[in-house]
Amino acid sequence: QKEVEQNSGPLSVPEGAIASLNCTYSDRVSQSFFWYRQYSGKSPELIMSIYSNGDKEDGRFTAQLNKASQYVSLLIRDSQPSDSATYLCAVRGVGTGGGNKLTFGTGTQLKVEL
Amino acid sequence: DAGVTQSPTHLIKTRGQQVTLRCSPKSGHDTVSWYQQALGQGPQFIFQYYEEEERQRGNFPDRFSGHQFPNYSSELNVNALLLGDSALYLCASSLAAAQNIQYFGAGTRLSVL
């Protein structure tokens, strides 16, 4: 079982729709969760962090965390073509050694179509 | 406020050579982490430096080594390069006292021929 799993996609949504990106993680003791956006050929850019169960909203983005189910998701409302990118889920403290390292999923490619 | 800066942006080396990559953290940050990202994969943790010491290490061979300087900048060294070392190398900086939220530099793309 991978430590952090994401569907690689591509996930295609029409402009203006809600995009839903999902991530599961293996280590129950993980406490910190992050979503990064990565455009092709660029470096990851932090979008959201979440530490407690429930929802956290920032503009068009909402992160959702369910520690009991070991599940974290990212919703993007009113999707725009500029949202087309790979979205990386990252978990801090997963696996051997835990600590401050981030363990990433392979990313979900999102395509927002006109 | 300068973000995380990395140099060089691109590098081409041949097998067996050695390479040094450099990173300057975001102003006010004291912790530097290095990641390797192969094409189509998520970043893989190499190691993290804090107070000039390696605090944590991922599953990478000893050919990968690093250093942190008193001004918090950092270097990643890779010896005896292999073709499989070709990747985007990312530096992330964070502040230990502030949840260590990591911000990435633009990366160095290394090609080993």
# chains A, B, ... in the order shown; residues from 1 in each chain; ligands from 1
>>> select_by_dssp(residues="chain B", states="strand (DSSP E or B)", output="ChimeraX atom specification")
/B:5-7,10-13,19-24,31-37,44-50,53-57,64-68,74-78,87-94,103-104,108-112
>>> closest_atom_pairs(of="segment 1-104 of chain A", to="segment 2-22 of chain B", cutoff="12 Å", atoms="only C-alpha atoms", output="Markdown table")
| residue | atom | partner | partner_atom | distance |
| --- | --- | --- | --- | --- |
| A:Gly41 | CA | B:Thr9 | CA | 11.6 |
| A:Lys42 | CA | B:Thr9 | CA | 11.1 |
| A:Ser43 | CA | B:Val4 | CA | 11.0 |
| A:Pro44 | CA | B:Val4 | CA | 12.0 |
| A:Glu45 | CA | B:Val4 | CA | 11.6 |
>>> atom_distance(atom1="atom CA of Thr31 of chain B", atom2="atom CA of Ala98 of chain B")
10.8 Å
>>> closest_atom_pairs(of="chain A", to="chain B", cutoff="8 Å", atoms="only C-alpha atoms", output="tab-separated table")
residue	atom	partner	partner_atom	distance
A:Lys42	CA	B:Ala106	CA	6.5
A:Ser43	CA	B:Ala106	CA	5.1
A:Pro44	CA	B:Phe104	CA	6.3
A:Glu45	CA	B:Phe104	CA	6.8
A:Leu46	CA	B:Tyr103	CA	6.8
A:Leu88	CA	B:Gly42	CA	7.1
A:Gly97	CA	B:Gln56	CA	7.7
A:Gly99	CA	B:Gln56	CA	7.4
A:Asn100	CA	B:Asn100	CA	7.2
A:Lys101	CA	B:Phe45	CA	6.5
A:Leu102	CA	B:Phe45	CA	6.8
A:Thr103	CA	B:Gln44	CA	7.0
A:Phe104	CA	B:Gly42	CA	5.5
A:Gly105	CA	B:Gly42	CA	5.6
A:Thr106	CA	B:Gly42	CA	4.4
A:Gly107	CA	B:Gly42	CA	6.3
>>> write_last_selection(atoms="N, CA, C and O atoms", output="PDB file, in the first residue's frame")
ATOM      1  N   LYS A  42       6.901  23.448 -13.855  1.00  0.00           N
ATOM      2  CA  LYS A  42       7.122  24.389 -12.746  1.00  0.00           C
ATOM      3  C   LYS A  42       7.230  23.624 -11.426  1.00  0.00           C
ATOM      4  O   LYS A  42       7.105  22.402 -11.382  1.00  0.00           O
ATOM      5  N   SER A  43       7.474  24.359 -10.346  1.00  0.00           N
ATOM      6  CA  SER A  43       7.604  23.733  -9.031  1.00  0.00           C
ATOM      7  C   SER A  43       6.263  23.767  -8.296  1.00  0.00           C
ATOM      8  O   SER A  43       5.370  24.539  -8.657  1.00  0.00           O
ATOM      9  N   PRO A  44       6.094  22.937  -7.279  1.00  0.00           N
ATOM     10  CA  PRO A  44       4.829  22.923  -6.529  1.00  0.00           C
ATOM     11  C   PRO A  44       4.597  24.233  -5.787  1.00  0.00           C
ATOM     12  O   PRO A  44       5.517  24.808  -5.201  1.00  0.00           O
ATOM     13  N   GLU A  45       3.339  24.657  -5.785  1.00  0.00           N
ATOM     14  CA  GLU A  45       2.914  25.892  -5.120  1.00  0.00           C
ATOM     15  C   GLU A  45       1.871  25.522  -4.070  1.00  0.00           C
ATOM     16  O   GLU A  45       0.875  24.854  -4.378  1.00  0.00           O
ATOM     17  N   LEU A  46       2.094  25.946  -2.840  1.00  0.00           N
ATOM     18  CA  LEU A  46       1.167  25.609  -1.754  1.00  0.00           C
ATOM     19  C   LEU A  46      -0.185  26.303  -1.945  1.00  0.00           C
ATOM     20  O   LEU A  46      -0.252  27.511  -2.153  1.00  0.00           O
ATOM     21  N   LEU A  88      -1.030  18.016  -6.117  1.00  0.00           N
ATOM     22  CA  LEU A  88      -0.291  17.071  -5.285  1.00  0.00           C
ATOM     23  C   LEU A  88      -0.806  17.120  -3.856  1.00  0.00           C
ATOM     24  O   LEU A  88      -0.888  18.191  -3.252  1.00  0.00           O
ATOM     25  N   GLY A  97      10.285   7.051  10.346  1.00  0.00           N
ATOM     26  CA  GLY A  97      10.954   8.302  10.699  1.00  0.00           C
ATOM     27  C   GLY A  97      10.014   9.460  10.886  1.00  0.00           C
ATOM     28  O   GLY A  97      10.369  10.432  11.559  1.00  0.00           O
ATOM     29  N   GLY A  99       8.422  12.568  11.394  1.00  0.00           N
ATOM     30  CA  GLY A  99       9.117  13.837  11.417  1.00  0.00           C
ATOM     31  C   GLY A  99       8.495  14.880  10.525  1.00  0.00           C
ATOM     32  O   GLY A  99       7.275  14.919  10.344  1.00  0.00           O
ATOM     33  N   ASN A 100       9.334  15.745   9.964  1.00  0.00           N
ATOM     34  CA  ASN A 100       8.850  16.881   9.204  1.00  0.00           C
ATOM     35  C   ASN A 100       8.837  16.654   7.703  1.00  0.00           C
ATOM     36  O   ASN A 100       8.432  17.532   6.958  1.00  0.00           O
ATOM     37  N   LYS A 101       9.282  15.501   7.246  1.00  0.00           N
ATOM     38  CA  LYS A 101       9.315  15.291   5.805  1.00  0.00           C
ATOM     39  C   LYS A 101       7.892  15.258   5.271  1.00  0.00           C
ATOM     40  O   LYS A 101       6.953  14.831   5.934  1.00  0.00           O
ATOM     41  N   LEU A 102       7.750  15.718   4.033  1.00  0.00           N
ATOM     42  CA  LEU A 102       6.478  15.599   3.339  1.00  0.00           C
ATOM     43  C   LEU A 102       6.526  14.367   2.448  1.00  0.00           C
ATOM     44  O   LEU A 102       7.503  14.148   1.738  1.00  0.00           O
ATOM     45  N   THR A 103       5.460  13.565   2.520  1.00  0.00           N
ATOM     46  CA  THR A 103       5.304  12.440   1.609  1.00  0.00           C
ATOM     47  C   THR A 103       4.197  12.804   0.631  1.00  0.00           C
ATOM     48  O   THR A 103       3.078  13.145   1.049  1.00  0.00           O
ATOM     49  N   PHE A 104       4.507  12.752  -0.638  1.00  0.00           N
ATOM     50  CA  PHE A 104       3.589  13.179  -1.682  1.00  0.00           C
ATOM     51  C   PHE A 104       2.933  11.996  -2.371  1.00  0.00           C
ATOM     52  O   PHE A 104       3.543  10.925  -2.520  1.00  0.00           O
ATOM     53  N   GLY A 105       1.720  12.236  -2.840  1.00  0.00           N
ATOM     54  CA  GLY A 105       1.122  11.339  -3.800  1.00  0.00           C
ATOM     55  C   GLY A 105       1.689  11.630  -5.178  1.00  0.00           C
ATOM     56  O   GLY A 105       2.484  12.562  -5.352  1.00  0.00           O
ATOM     57  N   THR A 106       1.264  10.845  -6.156  1.00  0.00           N
ATOM     58  CA  THR A 106       1.779  11.043  -7.513  1.00  0.00           C
ATOM     59  C   THR A 106       1.092  12.199  -8.233  1.00  0.00           C
ATOM     60  O   THR A 106       1.541  12.614  -9.297  1.00  0.00           O
ATOM     61  N   GLY A 107       0.032  12.731  -7.608  1.00  0.00           N
ATOM     62  CA  GLY A 107      -0.637  13.883  -8.204  1.00  0.00           C
ATOM     63  C   GLY A 107      -1.814  13.497  -9.092  1.00  0.00           C
ATOM     64  O   GLY A 107      -1.816  12.423  -9.706  1.00  0.00           O
TER      65      GLY A 107
END
>>> residues_around(residues="Ser52 of chain A", least_positions_apart="4", cutoff="10 Å", atoms="only C-alpha atoms", output="MDAnalysis selection string")
chainID A and resid 31:33 56 64:67
>>> closest_residue(among="A:Val112, A:Val4, A:Cys23, A:Ala63", to="Ser79 of chain A", atoms="only C-alpha atoms")
A:Val112
>>> atom_distance(atom1="atom CA of Leu21 of chain A", atom2="atom CA of Arg37 of chain A")
11.6 Å
>>> atom_distance(atom1="atom CA of Pro61 of chain B", atom2="atom CA of Ala80 of chain B")
11.0 Å
>>> residues_around(residues="segment 47-50 of chain A", least_positions_apart="6", cutoff="6 Å", atoms="only C-alpha atoms", output="PDB file with all heavy atoms, in the first residue's frame")
ATOM      1  N   PHE A  33      -1.624  18.100   6.664  1.00  0.00           N
ATOM      2  CA  PHE A  33      -1.957  17.725   5.299  1.00  0.00           C
ATOM      3  C   PHE A  33      -1.942  18.967   4.416  1.00  0.00           C
ATOM      4  O   PHE A  33      -2.378  20.039   4.840  1.00  0.00           O
ATOM      5  CB  PHE A  33      -3.349  17.068   5.271  1.00  0.00           C
ATOM      6  CG  PHE A  33      -3.448  15.940   6.257  1.00  0.00           C
ATOM      7  CD1 PHE A  33      -3.813  16.183   7.571  1.00  0.00           C
ATOM      8  CD2 PHE A  33      -3.138  14.643   5.871  1.00  0.00           C
ATOM      9  CE1 PHE A  33      -3.871  15.153   8.500  1.00  0.00           C
ATOM     10  CE2 PHE A  33      -3.199  13.606   6.787  1.00  0.00           C
ATOM     11  CZ  PHE A  33      -3.557  13.867   8.098  1.00  0.00           C
ATOM     12  N   PHE A  34      -1.443  18.789   3.207  1.00  0.00           N
ATOM     13  CA  PHE A  34      -1.233  19.938   2.331  1.00  0.00           C
ATOM     14  C   PHE A  34      -1.652  19.599   0.911  1.00  0.00           C
ATOM     15  O   PHE A  34      -1.518  18.463   0.457  1.00  0.00           O
ATOM     16  CB  PHE A  34       0.250  20.342   2.334  1.00  0.00           C
ATOM     17  CG  PHE A  34       0.807  20.585   3.708  1.00  0.00           C
ATOM     18  CD1 PHE A  34       1.342  19.553   4.451  1.00  0.00           C
ATOM     19  CD2 PHE A  34       0.773  21.858   4.260  1.00  0.00           C
ATOM     20  CE1 PHE A  34       1.839  19.762   5.733  1.00  0.00           C
ATOM     21  CE2 PHE A  34       1.271  22.080   5.539  1.00  0.00           C
ATOM     22  CZ  PHE A  34       1.798  21.037   6.275  1.00  0.00           C
ATOM     23  N   TRP A  35      -2.138  20.618   0.212  1.00  0.00           N
ATOM     24  CA  TRP A  35      -2.375  20.516  -1.224  1.00  0.00           C
ATOM     25  C   TRP A  35      -1.474  21.517  -1.934  1.00  0.00           C
ATOM     26  O   TRP A  35      -1.440  22.697  -1.577  1.00  0.00           O
ATOM     27  CB  TRP A  35      -3.836  20.811  -1.556  1.00  0.00           C
ATOM     28  CG  TRP A  35      -4.758  19.688  -1.229  1.00  0.00           C
ATOM     29  CD1 TRP A  35      -5.536  19.551  -0.120  1.00  0.00           C
ATOM     30  CD2 TRP A  35      -4.997  18.521  -2.028  1.00  0.00           C
ATOM     31  NE1 TRP A  35      -6.241  18.379  -0.174  1.00  0.00           N
ATOM     32  CE2 TRP A  35      -5.934  17.732  -1.334  1.00  0.00           C
ATOM     33  CE3 TRP A  35      -4.518  18.076  -3.263  1.00  0.00           C
ATOM     34  CZ2 TRP A  35      -6.403  16.509  -1.834  1.00  0.00           C
ATOM     35  CZ3 TRP A  35      -4.972  16.865  -3.757  1.00  0.00           C
ATOM     36  CH2 TRP A  35      -5.900  16.101  -3.040  1.00  0.00           C
ATOM     37  N   TYR A  36      -0.750  21.001  -2.925  1.00  0.00           N
ATOM     38  CA  TYR A  36       0.100  21.826  -3.757  1.00  0.00           C
ATOM     39  C   TYR A  36      -0.410  21.736  -5.194  1.00  0.00           C
ATOM     40  O   TYR A  36      -0.869  20.693  -5.644  1.00  0.00           O
ATOM     41  CB  TYR A  36       1.550  21.337  -3.727  1.00  0.00           C
ATOM     42  CG  TYR A  36       2.293  21.626  -2.439  1.00  0.00           C
ATOM     43  CD1 TYR A  36       2.183  20.784  -1.333  1.00  0.00           C
ATOM     44  CD2 TYR A  36       3.136  22.732  -2.336  1.00  0.00           C
ATOM     45  CE1 TYR A  36       2.878  21.045  -0.162  1.00  0.00           C
ATOM     46  CE2 TYR A  36       3.845  22.996  -1.164  1.00  0.00           C
ATOM     47  CZ  TYR A  36       3.715  22.151  -0.091  1.00  0.00           C
ATOM     48  OH  TYR A  36       4.409  22.408   1.069  1.00  0.00           O
TER      49      TYR A  36
END
>>> closest_residue(among="B:Glu52, B:Gly28, B:Ala97, B:Ser65", to="Asn77 of chain B", atoms="only C-alpha atoms")
B:Ser65
